[in-house]
$ cat entry.txt   # compact mmCIF, C-alpha atoms
# COMPACT_ATOMS: atom_id res chain seq x y z
CA MET A 138 57.98 -27.62 -26.67
CA LYS A 139 58.01 -25.47 -23.53
CA ASN A 140 56.86 -22.45 -25.53
CA LEU A 141 54.01 -24.47 -27.00
CA LEU A 142 52.90 -25.62 -23.54
CA ARG A 143 53.18 -22.08 -22.21
CA LYS A 144 51.11 -20.67 -25.07
CA THR A 145 48.50 -23.38 -24.61
CA ALA A 146 48.30 -22.70 -20.87
CA LEU A 147 48.03 -18.94 -21.38
CA LYS A 148 45.32 -19.43 -23.97
CA ALA A 149 43.41 -21.64 -21.54
CA VAL A 150 43.52 -19.22 -18.58
CA ARG A 151 42.56 -16.32 -20.82
CA SER A 152 39.59 -18.14 -22.30
CA SER A 153 36.03 -17.18 -21.42
CA ALA A 154 35.42 -20.72 -20.12
CA TRP A 155 38.25 -20.42 -17.57
CA LYS A 156 37.19 -16.92 -16.56
CA ASN A 157 33.65 -18.12 -15.93
CA THR A 158 34.91 -21.12 -13.98
CA SER A 159 37.23 -18.93 -11.91
CA LYS A 160 34.41 -16.50 -11.23
CA TRP A 161 32.19 -19.39 -10.12
CA ILE A 162 34.91 -20.73 -7.78
CA ARG A 163 35.43 -17.31 -6.19
CA GLY A 164 31.68 -16.81 -5.89
CA THR A 165 31.21 -20.20 -4.27
CA GLU A 166 33.85 -19.38 -1.67
CA ARG A 167 32.13 -16.08 -0.93
CA TRP A 168 28.76 -17.83 -0.57
CA ASN A 169 30.28 -20.43 1.74
CA GLN A 170 31.63 -17.67 3.97
CA MET A 171 28.25 -15.97 4.00
CA GLU A 172 26.52 -19.22 4.91
CA ASP A 173 28.94 -19.69 7.80
CA GLU A 174 28.26 -16.12 8.97
CA TYR A 175 24.49 -16.60 8.77
CA ASP A 176 24.30 -20.21 9.95
CA GLY A 177 21.53 -19.51 12.45
CA SER A 178 23.29 -20.89 15.52
CA TYR A 179 22.32 -17.69 17.33
CA VAL A 180 18.65 -17.87 16.41
CA LYS A 181 15.92 -18.34 18.99
CA ALA A 182 12.66 -17.77 17.18
CA GLU A 183 9.08 -18.98 16.83
CA VAL A 184 8.32 -17.72 13.32
CA VAL A 185 10.24 -18.57 10.15
CA VAL A 186 9.75 -16.29 7.16
CA TYR A 187 10.88 -18.36 4.20
CA PHE A 188 12.15 -16.77 0.99
CA GLY A 189 13.73 -19.02 -1.61
CA ASP A 190 14.10 -16.62 -4.54
CA ARG A 191 16.82 -14.25 -5.73
CA LYS A 192 17.02 -10.47 -5.43
CA PRO A 193 14.78 -9.60 -8.44
CA LYS A 194 11.80 -10.93 -6.47
CA PHE A 195 12.87 -9.48 -3.15
CA TYR A 196 10.16 -6.79 -3.45
CA GLN A 197 7.68 -9.54 -2.54
CA LEU A 198 9.27 -9.86 0.90
CA ASP A 199 10.34 -6.24 1.26
CA GLN A 200 6.79 -4.94 1.69
CA TRP A 201 6.25 -7.33 4.61
CA LEU A 202 9.38 -6.35 6.55
CA PRO A 203 7.83 -3.49 8.61
CA VAL A 204 4.97 -5.82 9.60
CA LEU A 205 7.42 -8.58 10.50
CA GLU A 206 9.47 -6.15 12.57
CA GLN A 207 6.35 -5.38 14.59
CA LEU A 208 5.51 -9.08 14.89
CA HIS A 209 9.06 -9.69 16.14
CA ARG A 210 8.16 -7.82 19.34
CA THR A 211 5.52 -10.44 20.13
CA HIS A 212 6.84 -13.57 18.42
CA ARG A 213 10.50 -13.73 17.51
CA VAL A 214 11.04 -13.89 13.75
CA VAL A 215 13.87 -15.22 11.60
CA LEU A 216 14.21 -14.66 7.86
CA VAL A 217 15.38 -17.82 6.07
CA PHE A 218 17.01 -17.29 2.66
CA ARG A 219 18.22 -19.76 0.05
CA LYS A 220 19.97 -17.24 -2.21
CA PRO A 221 22.78 -14.87 -1.14
CA SER A 222 21.55 -12.01 -3.35
CA ALA A 223 18.23 -11.89 -1.48
CA LEU A 224 19.96 -11.95 1.89
CA ASN A 225 22.21 -9.09 0.79
CA ALA A 226 19.14 -7.09 -0.18
CA ALA A 227 17.56 -7.76 3.21
CA ARG A 228 20.69 -6.66 5.09
CA GLU A 229 20.28 -3.19 3.63
CA VAL A 230 16.75 -2.64 4.93
CA THR A 231 16.16 -4.62 8.13
CA ASN A 232 17.86 -5.79 11.33
CA LEU A 233 15.70 -8.89 11.70
CA PRO A 234 17.68 -12.09 12.33
CA MET A 235 18.45 -13.85 9.06
CA VAL A 236 19.81 -17.22 7.99
CA LEU A 237 21.24 -18.54 4.71
CA LYS A 238 20.68 -22.20 3.86
CA ARG A 239 21.60 -22.79 0.23
CA LYS A 240 21.10 -26.55 0.26
CA PHE A 241 18.23 -28.76 1.32
CA ASP A 242 19.91 -30.87 4.00
CA PRO A 243 21.31 -27.90 5.99
CA LEU A 244 17.86 -26.31 5.82
CA GLN A 245 16.22 -29.40 7.34
CA THR A 246 18.95 -29.75 9.96
CA PHE A 247 18.44 -26.09 10.92
CA TYR A 248 14.68 -26.60 11.27
CA HIS A 249 15.11 -29.71 13.45
CA ALA A 250 17.70 -28.01 15.65
CA ASN A 251 15.25 -25.27 16.61
CA ASP A 252 11.80 -24.95 18.09
CA PHE A 253 9.97 -23.15 15.30
CA ARG A 254 6.19 -23.19 15.38
CA LEU A 255 5.09 -21.34 12.23
CA ALA A 256 6.41 -20.50 8.77
CA LEU A 257 5.25 -17.64 6.53
CA TYR A 258 5.54 -17.62 2.73
CA VAL A 259 5.14 -14.43 0.67
CA ASN A 260 5.00 -16.18 -2.72
CA ASN A 261 4.67 -19.61 -4.34
CA GLY A 262 8.34 -20.05 -5.14
CA MET A 263 9.47 -23.48 -6.33
CA THR A 264 11.61 -24.18 -3.28
CA ASN A 265 8.75 -23.50 -0.88
CA PHE A 266 8.02 -27.21 -1.05
CA GLN A 267 11.41 -28.04 0.46
CA SER A 268 10.37 -26.02 3.50
CA LEU A 269 6.80 -27.31 3.52
CA GLY A 270 8.17 -30.78 4.11
CA PHE A 271 8.94 -29.90 7.74
CA ALA A 272 5.86 -31.12 9.60
CA PRO A 273 6.21 -29.52 13.07
CA MET A 274 5.54 -25.99 11.77
CA VAL A 275 2.21 -24.49 10.72
CA HIS A 276 2.79 -23.37 7.13
CA VAL A 277 1.00 -20.13 6.24
CA HIS A 278 0.83 -18.45 2.84
CA VAL A 279 0.43 -14.66 3.05
CA ASN A 280 1.15 -13.63 -0.56
CA HIS A 281 2.58 -10.19 -1.35
CA GLY A 282 -0.45 -8.14 -2.24
CA GLU A 283 -4.19 -8.06 -2.77
CA SER A 284 -5.56 -7.71 -6.27
CA ASP A 285 -8.05 -9.18 -8.71
CA LYS A 286 -5.34 -10.51 -10.99
CA LEU A 287 -5.64 -14.13 -12.04
CA SER A 288 -2.26 -14.84 -10.43
CA MET A 289 -3.62 -14.07 -6.97
CA VAL A 290 -5.13 -17.56 -6.73
CA SER A 291 -3.05 -20.68 -7.24
CA ASN A 292 -3.81 -24.37 -6.81
CA GLN A 293 -0.68 -24.36 -4.67
CA ALA A 294 -2.82 -22.81 -1.93
CA LYS A 295 -3.85 -26.39 -1.11
CA SER A 296 -0.28 -27.10 0.04
CA TYR A 297 -0.37 -24.74 3.01
CA ASP A 298 -2.02 -25.29 6.39
CA ARG A 299 -3.48 -21.79 6.29
CA VAL A 300 -3.80 -19.05 3.68
CA PHE A 301 -4.07 -15.50 5.02
CA VAL A 302 -6.28 -13.33 2.82
CA ALA A 303 -7.47 -9.76 3.00
CA GLY A 304 -11.25 -10.22 3.08
CA ASP A 305 -14.38 -11.60 1.49
CA ALA A 306 -13.27 -10.71 -2.04
CA ALA A 307 -10.28 -13.02 -1.72
CA ILE A 308 -12.42 -15.81 -0.26
CA ASN A 309 -14.79 -15.59 -3.21
CA ARG A 310 -11.82 -15.47 -5.58
CA HIS A 311 -10.57 -18.81 -4.20
CA ARG A 312 -14.09 -20.27 -4.25
CA MET A 313 -14.56 -19.44 -7.93
CA SER A 314 -11.08 -20.50 -9.05
CA LEU A 315 -10.25 -23.70 -7.15
CA ALA A 316 -11.96 -27.08 -7.15
CA ASP A 317 -11.76 -29.34 -4.09
CA PHE A 318 -10.33 -26.55 -1.95
CA ASP A 319 -10.94 -26.48 1.79
CA GLU A 320 -12.12 -22.94 2.47
CA SER A 321 -11.63 -23.42 6.20
CA SER A 322 -7.89 -22.88 5.61
CA LEU A 323 -8.57 -19.24 4.63
CA VAL A 324 -8.06 -16.67 7.38
CA LYS A 325 -9.11 -13.04 6.93
CA VAL A 326 -6.46 -10.61 8.22
CA GLY A 327 -6.95 -7.51 6.07
CA ARG A 328 -3.80 -5.96 4.60
CA PRO A 329 -1.35 -5.25 7.46
CA GLN A 330 1.29 -3.83 5.10
CA LEU A 331 -0.96 -0.83 4.59
CA ASP A 332 -1.10 -0.01 8.30
CA ILE A 333 2.56 1.01 8.41
CA GLU A 334 3.19 4.74 8.79
CA ARG A 335 5.34 5.97 5.93
CA PRO A 336 7.08 9.33 5.54
CA SER A 337 5.59 11.07 2.52
CA GLU A 338 7.62 10.66 -0.68
CA LEU A 339 5.64 13.13 -2.79
CA GLU A 340 5.67 16.85 -2.12
CA PRO A 341 2.26 18.54 -1.98
CA SER A 342 1.36 20.89 -4.81
CA PRO A 343 -1.05 23.79 -5.20
CA LYS A 344 -2.20 21.98 -8.32
CA THR A 345 -4.51 18.96 -8.41
CA THR A 346 -2.34 15.84 -8.46
CA ILE A 347 -3.29 13.07 -10.91
CA MET A 348 -1.26 9.88 -10.71
CA TYR A 349 -1.09 7.35 -13.52
CA ALA A 350 0.28 4.11 -12.02
CA PRO A 351 0.01 1.24 -14.53
CA THR A 352 1.07 -2.34 -13.92
CA TRP A 353 3.44 -4.35 -16.17
CA GLU A 354 2.49 -6.87 -18.86
CA GLY A 355 2.72 -9.98 -16.67
CA GLU A 356 4.32 -13.34 -17.37
CA ASN A 357 1.73 -14.30 -19.98
CA ASP A 358 -1.32 -12.96 -21.77
CA ALA A 359 -3.76 -14.25 -19.14
CA ASN A 360 -1.95 -12.16 -16.51
CA ASN A 361 -1.54 -9.09 -18.69
CA TYR A 362 -3.53 -6.18 -17.25
CA THR A 363 -1.34 -3.27 -18.30
CA SER A 364 -2.74 -0.23 -20.09
CA VAL A 365 0.64 1.22 -21.07
CA ASP A 366 0.86 -0.21 -24.58
CA LEU A 367 -2.80 0.40 -25.50
CA PHE A 368 -3.88 3.56 -23.67
CA GLY A 369 -0.89 4.90 -21.71
CA PRO A 370 0.15 7.84 -23.91
CA GLN A 371 -3.47 8.94 -24.42
CA ILE A 372 -4.19 8.85 -20.69
CA VAL A 373 -1.11 10.91 -19.89
CA GLU A 374 -1.77 13.35 -22.73
CA ALA A 375 -5.34 13.85 -21.49
CA ALA A 376 -4.14 14.47 -17.94
CA LEU A 377 -1.48 16.90 -19.11
CA GLY A 378 -4.17 18.78 -21.00
CA LEU A 379 -6.18 19.59 -17.87
CA SER A 380 -5.73 23.07 -16.47
CA ASP A 381 -4.19 23.40 -13.02
CA ALA A 382 -3.21 19.72 -12.81
CA ARG A 383 0.09 18.04 -11.93
CA VAL A 384 0.65 14.62 -13.49
CA ILE A 385 2.67 11.92 -11.73
CA TYR A 386 3.75 8.91 -13.79
CA LYS A 387 4.55 6.01 -11.42
CA PRO A 388 4.66 2.74 -13.38
CA HIS A 389 5.36 -0.71 -12.00
CA PRO A 390 9.17 -1.13 -11.75
CA ARG A 391 9.14 -3.69 -14.56
CA VAL A 392 7.45 -1.36 -17.05
CA ASN A 393 10.56 0.71 -17.67
CA ALA A 394 12.61 -2.46 -18.22
CA SER A 395 10.10 -4.17 -20.49
CA LYS A 396 11.49 -5.85 -23.60
CA ASP A 397 8.10 -5.91 -25.29
CA PRO A 398 8.40 -3.46 -28.23
CA ALA A 399 4.90 -2.03 -27.82
CA MET A 400 5.43 -1.52 -24.09
CA ALA A 401 8.85 0.05 -24.59
CA ASP A 402 7.59 2.40 -27.30
CA ALA A 403 4.54 3.51 -25.32
CA ASN A 404 6.58 4.03 -22.16
CA ALA A 405 9.11 6.11 -24.10
CA ARG A 406 6.29 8.19 -25.56
CA ILE A 407 4.89 8.86 -22.07
CA LEU A 408 8.30 9.99 -20.83
CA GLU A 409 8.65 12.25 -23.85
CA LEU A 410 5.20 13.80 -23.33
CA ILE A 411 5.97 14.68 -19.71
CA GLU A 412 9.47 15.98 -20.41
CA THR A 413 8.29 18.10 -23.33
CA THR A 414 5.45 19.62 -21.30
CA ASN A 415 7.82 20.45 -18.44
CA GLU A 416 9.97 22.54 -20.77
CA SER A 417 7.30 25.23 -20.66
CA ILE A 418 6.98 25.18 -16.83
CA ALA A 419 9.70 27.31 -15.31
CA ASP A 420 8.87 26.58 -11.67
CA GLU A 421 10.24 23.08 -10.99
CA SER A 422 7.92 22.64 -7.99
CA LEU A 423 4.96 22.82 -10.37
CA GLN A 424 6.34 20.45 -12.98
CA HIS A 425 4.95 17.01 -13.76
CA GLN A 426 6.98 14.09 -12.44
CA ILE A 427 8.26 10.72 -13.58
CA LEU A 428 8.84 8.44 -10.58
CA LEU A 429 10.40 5.14 -11.57
CA GLU A 430 11.42 4.30 -8.01
CA GLY A 431 10.06 4.91 -4.53
CA ASP A 432 7.26 3.59 -2.34
CA ILE A 433 3.97 4.32 -4.05
CA LEU A 434 2.09 3.79 -0.78
CA ALA A 435 4.00 6.74 0.66
CA MET A 436 2.72 8.95 -2.17
CA PHE A 437 -1.02 8.38 -1.91
CA ASP A 438 -1.62 11.10 0.69
CA THR A 439 -0.67 13.70 -1.91
CA VAL A 440 -2.60 12.14 -4.82
CA ASP A 441 -6.04 13.60 -5.61
CA LEU A 442 -7.01 11.09 -8.32
CA LEU A 443 -5.49 7.76 -9.30
CA VAL A 444 -5.64 6.10 -12.72
CA THR A 445 -4.41 2.51 -12.64
CA ASP A 446 -4.94 -1.00 -13.95
CA ILE A 447 -6.23 -4.16 -12.30
CA SER A 448 -3.49 -4.70 -9.73
CA SER A 449 -2.79 -4.27 -6.03
CA VAL A 450 -2.21 -0.53 -6.54
CA GLY A 451 -5.88 0.33 -7.04
CA LEU A 452 -6.97 -1.72 -4.03
CA ASP A 453 -4.21 -0.26 -1.85
CA PHE A 454 -5.45 3.19 -2.81
CA LEU A 455 -9.00 2.10 -1.95
CA TYR A 456 -7.85 0.96 1.51
CA LEU A 457 -5.78 4.04 2.29
CA GLN A 458 -7.78 6.73 0.45
CA PRO A 459 -11.38 5.49 0.05
CA SER A 460 -12.71 9.06 -0.25
CA LYS A 461 -10.53 9.88 -3.28
CA PRO A 462 -11.61 9.16 -6.89
CA LEU A 463 -10.24 6.18 -8.76
CA ILE A 464 -10.30 5.26 -12.46
CA LEU A 465 -9.47 1.79 -13.80
CA THR A 466 -8.53 0.51 -17.25
CA ASP A 467 -9.69 -2.52 -19.21
CA ARG A 468 -7.44 -3.68 -22.04
CA ARG A 469 -9.86 -6.49 -22.96
CA ASP A 470 -12.89 -4.25 -23.61
CA ASP A 471 -15.15 -6.57 -21.65
CA THR A 472 -16.82 -4.52 -18.93
CA ALA A 473 -19.20 -7.29 -17.84
CA LYS A 474 -16.32 -9.72 -17.28
CA LEU A 475 -14.26 -7.02 -15.58
CA ASN A 476 -17.11 -6.24 -13.18
CA ASP A 477 -17.40 -9.91 -12.38
CA GLU A 478 -13.70 -10.58 -11.85
CA ALA A 479 -12.78 -7.22 -10.30
CA PRO A 480 -15.71 -5.90 -8.24
CA ILE A 481 -13.93 -2.59 -7.57
CA SER A 482 -14.51 -1.76 -11.26
CA ARG A 483 -18.25 -1.48 -10.54
CA ALA A 484 -17.56 1.74 -8.64
CA THR A 485 -15.14 3.42 -11.05
CA PRO A 486 -15.16 4.83 -14.57
CA ILE A 487 -13.44 2.48 -17.04
CA ILE A 488 -10.94 3.50 -19.67
CA ASN A 489 -10.97 1.10 -22.62
CA SER A 490 -10.74 1.38 -26.39
CA SER A 491 -14.20 2.95 -26.62
CA THR A 492 -13.73 5.52 -23.83
CA VAL A 493 -10.04 6.44 -24.02
CA ALA A 494 -10.75 9.25 -26.47
CA GLU A 495 -12.82 10.86 -23.70
CA ALA A 496 -10.19 10.31 -21.01
CA GLY A 497 -9.86 14.02 -20.33
CA VAL A 498 -13.61 14.33 -19.70
CA LEU A 499 -13.55 11.29 -17.39
CA LEU A 500 -10.73 12.80 -15.37
CA GLN A 501 -12.41 16.18 -15.09
CA ASP A 502 -15.77 14.65 -14.14
CA MET A 503 -14.28 12.56 -11.34
CA LEU A 504 -12.46 15.59 -9.95
CA SER A 505 -15.53 17.82 -10.01
CA ASP A 506 -18.29 15.32 -9.17
CA ASP A 507 -17.18 12.09 -7.50
CA SER A 508 -20.47 10.23 -7.21
CA SER A 509 -18.89 6.83 -6.47
CA ALA A 510 -17.54 7.53 -2.97
CA ASP A 511 -20.26 5.59 -1.13
CA ALA A 512 -19.92 2.59 -3.44
CA ARG A 513 -16.16 2.56 -2.93
CA SER A 514 -16.63 2.64 0.83
CA GLU A 515 -18.78 -0.49 0.68
CA LEU A 516 -16.31 -2.23 -1.59
CA ARG A 517 -13.49 -1.39 0.81
CA LYS A 518 -15.30 -3.50 3.42
CA TYR A 519 -15.76 -6.29 0.89
CA TYR A 520 -12.04 -6.37 0.07
CA PHE A 521 -10.51 -5.64 3.49
CA GLY A 522 -13.19 -6.10 6.14
CA GLU A 523 -14.46 -3.71 8.78
CA GLY A 524 -12.28 -1.31 10.67
CA GLU A 525 -9.98 1.59 10.00
CA LYS A 526 -6.26 1.71 9.37
CA GLY A 527 -4.53 -0.40 12.02
CA THR A 528 -7.19 -3.11 12.24
CA SER A 529 -5.37 -5.42 9.84
CA THR A 530 -2.22 -5.50 11.96
CA VAL A 531 -4.24 -6.53 15.01
CA LEU A 532 -5.97 -9.31 13.07
CA PHE A 533 -2.67 -10.54 11.61
CA THR A 534 -0.93 -10.70 14.98
CA GLN A 535 -3.89 -12.39 16.64
CA ALA A 536 -4.02 -15.02 13.91
CA ILE A 537 -0.30 -15.75 14.29
CA SER A 538 -0.60 -16.02 18.07
CA SER A 539 -3.58 -18.34 17.84
CA LEU A 540 -1.90 -20.68 15.35
CA ILE A 541 1.30 -20.84 17.41
CA ALA A 542 -0.66 -21.69 20.56
CA GLU A 543 -2.62 -24.39 18.74
CA ARG A 544 0.49 -25.95 17.23
CA THR A 545 2.35 -25.88 20.53
CA ALA A 546 -0.49 -27.84 22.15
CA GLU A 547 -0.61 -30.30 19.25
CA MET A 548 3.14 -30.90 19.32
CA ALA A 549 2.98 -32.46 22.79
CA GLY A 550 1.69 -35.74 21.37
CA HIS A 551 3.93 -36.02 18.31
CA HIS A 552 7.44 -37.22 17.56
CA PHE A 553 9.22 -36.18 14.37
CA GLU A 554 12.18 -37.88 12.70
CA MET A 555 14.59 -36.29 10.25
CA PRO A 556 13.08 -36.76 6.77
CA THR A 557 14.76 -38.06 3.66
CA ASN A 558 13.99 -36.49 0.33
CA ALA A 559 15.06 -38.00 -2.95
CA GLU A 560 13.97 -34.89 -4.82
CA ALA A 561 16.11 -32.40 -2.94
CA ASN A 562 18.38 -31.54 -5.85
CA ASP A 563 19.60 -27.98 -5.33
CA GLU A 564 20.32 -25.58 -8.16
CA ALA A 565 23.97 -25.02 -9.01
CA ASN A 566 23.46 -21.32 -9.73
CA ASP A 567 23.41 -19.76 -6.27
CA GLU A 568 23.15 -16.03 -6.71
$ encode --input "entry.txt" --output "structure tokens"
Amino acid sequence: MKNLLRKTALKAVRSSAWKNTSKWIRGTERWNQMEDEYDGSYVKAEVVVYFGDRKPKFYQLDQWLPVLEQLHRTHRVVLVFRKPSALNAAREVTNLPMVLKRKFDPLQTFYHANDFRLALYVNNGMTNFQSLGFAPMVHVHVNHGESDKLSMVSNQAKSYDRVFVAGDAAINRHRMSLADFDESSLVKVGRPQLDIERPSELEPSPKTTIMYAPTWEGENDANNYTSVDLFGPQIVEAALGLSDARVIYKPHPRVNASKDPAMADANARILELIETTNESIADESLQHQILLEGDILAMFDTVDLLVTDISSVGLDFLYLQPSKPLILTDRRDDTAKLNDEAPISRATPIINSSTVAEAGVLLQDMLSDDSSADARSELRKYYFGEGEKGTSTVLFTQAISSLIAERTAEMAGHHFEMPTNAEANDEANDE
């Protein structure tokens, strides 16, 4: 009988179910310790930067950190996380104060125990609404980029007190996409992330540098703007065929991990094309490059021509390098619609199914005779407003200061009680 019980017990503790349970218990203890360490009792801040997602989406916050570090000098900032994995990612790249509040009630208690005036949100994460419920703060959506993608405008914009946008293009985007939306909540601040000085991550070359920087396939077909599966190999092959040119392949991080067969095959073909071509180039400094990691914004100084899709990359290049040629792609073969939805496309050649065969000619023409420079300069103002690099940071800081001052004055006549929320069910999976 004892042997039977012993065998049964051993079988149980060796089972996958027990191992998973044990792992969860150990993980929960670790998360509890982290929450105690980052409980926020030391925090004295005016600005909350709320991030409720896990590490895979941390890139959305990461690009704002240098801007927030500058803001911290004027208005103290605290990063509020709901997931340990995101906090761990932040610890590696910033010294800003940070707090971990995994559950709803501790989050609300933390808010009420402090004197916060404003909250910033870099995405439309599901748990944002648990933070939005705290009335004393001004809630400001800042997003994590500027592009003409459909996903840049959400009906959730109506939930925030203010929505910071780059310029007139974003205002028109909201006007065309949202019904019953109060445009007075939109505040133009340019793109402060692009004002940050970055050490160059791409060595100069005696050759002309052509970068192909496609986006990924998106969450659904409506948000799919990638050119990789349709035109990627042909674009890269055309660029490799130009004399005295160095090709840089810098895809969106999610391209190389795509599970879509067409995307995976095309990406593999691009890698093969570049690696095969490099076999005949003895001098490594002159070879073409595949850059799957790194800050693309820190590479633009060295790029002479950029080929990209409808995404933030093309507009970032426009902001930072308006005098340099740009080529865009259109997977839907609808130039009229593209011009309407992405005004930057009016000042660039377009690679689509009817022009991709002439990609080499398009590249060479833009390098030898860039006739679109003036048009791009005007579009830069349309997307980002007047002013040179640095203007956006000033506008952003001024907008924050103004909103904090207004809310501080308004708070004098209000009294806030601790809320109750019957829908504050927190997820069990904490990572």
$ closest_residue --input "entry.txt" --among "A:Lys240, A:Trp168, A:Gly327, A:Ser178" --to "Ser222 (chain A)" --atoms "all atoms listed in the file"
A:Trp168
$ residues_around --input "entry.txt" --residues "Glu354 (chain A)" --least-positions-apart "4" --cutoff "7 Å" --atoms "only C-alpha atoms" --output "VMD selection string"
chain A and resid 361 to 363
$ atom_distance --input "entry.txt" --atom1 "CA of Gln200 (chain A)" --atom2 "CA of Glu320 (chain A)"
26.1 Å
$ atom_distance --input "entry.txt" --atom1 "CA of Ala549 (chain A)" --atom2 "CA of Leu255 (chain A)"
15.5 Å
$ closest_atom_pairs --input "entry.txt" --of "region 235-327 of chain A" --to "region 469-477 of chain A" --cutoff "12 Å" --atoms "all atoms listed in the file" --output "Markdown table"
| residue | atom | partner | partner_atom | distance |
| --- | --- | --- | --- | --- |
| A:Asp285 | CA | A:Leu475 | CA | 9.5 |
| A:Lys286 | CA | A:Leu475 | CA | 10.6 |
| A:Leu287 | CA | A:Leu475 | CA | 11.7 |
| A:Ala306 | CA | A:Asp477 | CA | 11.2 |
| A:Asn309 | CA | A:Asp477 | CA | 11.1 |
| A:Arg310 | CA | A:Asp477 | CA | 10.4 |
| A:Met313 | CA | A:Asp477 | CA | 10.9 |
$ residues_around --input "entry.txt" --residues "region 336-344 of chain A" --least-positions-apart "6" --cutoff "6 Å" --atoms "only C-alpha atoms" --output "ChimeraX atom specification"
/A:381-383,435-436,439
$ atom_distance --input "entry.txt" --atom1 "CA of His551 (chain A)" --atom2 "CA of Ala272 (chain A)"
10.2 Å
$ closest_residue --input "entry.txt" --among "A:Met503, A:Leu323, A:Ala182, A:Leu455" --to "Ile347 (chain A)" --atoms "all atoms listed in the file"
A:Met503
$ residues_around --input "entry.txt" --residues "Glu374 (chain A)" --least-positions-apart "5" --cutoff "9 Å" --atoms "all atoms listed in the file" --output "mmCIF file with C-alpha atoms, keeping the file's coordinate frame"
data_model
loop_
_atom_site.group_PDB
_atom_site.id
_atom_site.type_symbol
_atom_site.label_atom_id
_atom_site.label_comp_id
_atom_site.auth_asym_id
_atom_site.auth_seq_id
_atom_site.Cartn_x
_atom_site.Cartn_y
_atom_site.Cartn_z
ATOM 1 C CA GLY A 369 -0.890 4.900 -21.710
ATOM 2 C CA ILE A 407 4.890 8.860 -22.070
ATOM 3 C CA LEU A 410 5.200 13.800 -23.330
ATOM 4 C CA ILE A 411 5.970 14.680 -19.710
ATOM 5 C CA GLY A 497 -9.860 14.020 -20.330
#
$ residues_near_point --input "entry.txt" --point "(0.7, -8.8, -5.5)" --cutoff "10 Å" --atoms "all atoms listed in the file" --output "list in words"
Tyr196, Gln197, Val259, Asn260, Asn280, His281, Gly282, Glu283, Ser284, Asp285, Lys286, Ser288, Met289, Ser448, Ser449 and Val450 of chain A
$ residues_around --input "entry.txt" --residues "Phe454 (chain A)" --least-positions-apart "6" --cutoff "9 Å" --atoms "all atoms listed in the file" --output "list in words"
Leu434, Phe437, Leu443, Lys461 and Leu463 of chain A
$ closest_residue --input "entry.txt" --among "A:Val185, A:Gln207, A:Leu465, A:Asp252" --to "Val236 (chain A)" --atoms "only C-alpha atoms"
A:Val185
$ closest_residue --input "entry.txt" --among "A:Gly522, A:Pro329, A:Gly262, A:Pro273" --to "His249 (chain A)" --atoms "all atoms listed in the file"
A:Pro273
$ closest_residue --input "entry.txt" --among "A:Ile464, A:Ile427, A:Val531, A:Ile541" --to "Arg213 (chain A)" --atoms "only C-alpha atoms"
A:Ile541
$ residues_around --input "entry.txt" --residues "Leu367 (chain A)" --least-positions-apart "2" --cutoff "12 Å" --atoms "all atoms listed in the file" --output "number ranges by chain"
A: 351, 354, 361-365, 369-372, 399-404, 406-407, 446, 466-470, 488-491, 493-494
$ build_atoms --input "entry.txt" --residues "region 283-290 of chain A" --atoms "N, CA, C and O atoms" --output "PDB file, in the coordinates of the input"
ATOM      1  N   GLU A 283      -2.775  -7.721  -2.628  1.00  0.00           N
ATOM      2  CA  GLU A 283      -4.190  -8.060  -2.770  1.00  0.00           C
ATOM      3  C   GLU A 283      -4.676  -7.411  -4.048  1.00  0.00           C
ATOM      4  O   GLU A 283      -4.669  -6.183  -4.189  1.00  0.00           O
ATOM      5  N   SER A 284      -5.059  -8.241  -5.004  1.00  0.00           N
ATOM      6  CA  SER A 284      -5.560  -7.710  -6.270  1.00  0.00           C
ATOM      7  C   SER A 284      -6.496  -8.715  -6.901  1.00  0.00           C
ATOM      8  O   SER A 284      -6.640  -9.843  -6.415  1.00  0.00           O
ATOM      9  N   ASP A 285      -7.135  -8.299  -7.977  1.00  0.00           N
ATOM     10  CA  ASP A 285      -8.050  -9.180  -8.710  1.00  0.00           C
ATOM     11  C   ASP A 285      -7.367  -9.863  -9.875  1.00  0.00           C
ATOM     12  O   ASP A 285      -8.042 -10.437 -10.734  1.00  0.00           O
ATOM     13  N   LYS A 286      -6.055  -9.821  -9.926  1.00  0.00           N
ATOM     14  CA  LYS A 286      -5.340 -10.510 -10.990  1.00  0.00           C
ATOM     15  C   LYS A 286      -5.522 -12.024 -10.863  1.00  0.00           C
ATOM     16  O   LYS A 286      -5.639 -12.570  -9.761  1.00  0.00           O
ATOM     17  N   LEU A 287      -5.505 -12.682 -11.999  1.00  0.00           N
ATOM     18  CA  LEU A 287      -5.640 -14.130 -12.040  1.00  0.00           C
ATOM     19  C   LEU A 287      -4.574 -14.816 -11.187  1.00  0.00           C
ATOM     20  O   LEU A 287      -4.820 -15.841 -10.553  1.00  0.00           O
ATOM     21  N   SER A 288      -3.390 -14.241 -11.142  1.00  0.00           N
ATOM     22  CA  SER A 288      -2.260 -14.840 -10.430  1.00  0.00           C
ATOM     23  C   SER A 288      -2.426 -14.826  -8.919  1.00  0.00           C
ATOM     24  O   SER A 288      -1.632 -15.433  -8.198  1.00  0.00           O
ATOM     25  N   MET A 289      -3.436 -14.134  -8.414  1.00  0.00           N
ATOM     26  CA  MET A 289      -3.620 -14.070  -6.970  1.00  0.00           C
ATOM     27  C   MET A 289      -4.113 -15.390  -6.387  1.00  0.00           C
ATOM     28  O   MET A 289      -4.034 -15.606  -5.173  1.00  0.00           O
ATOM     29  N   VAL A 290      -4.647 -16.270  -7.210  1.00  0.00           N
ATOM     30  CA  VAL A 290      -5.130 -17.560  -6.730  1.00  0.00           C
ATOM     31  C   VAL A 290      -4.367 -18.670  -7.446  1.00  0.00           C
ATOM     32  O   VAL A 290      -4.302 -18.694  -8.669  1.00  0.00           O
TER      33      VAL A 290
END
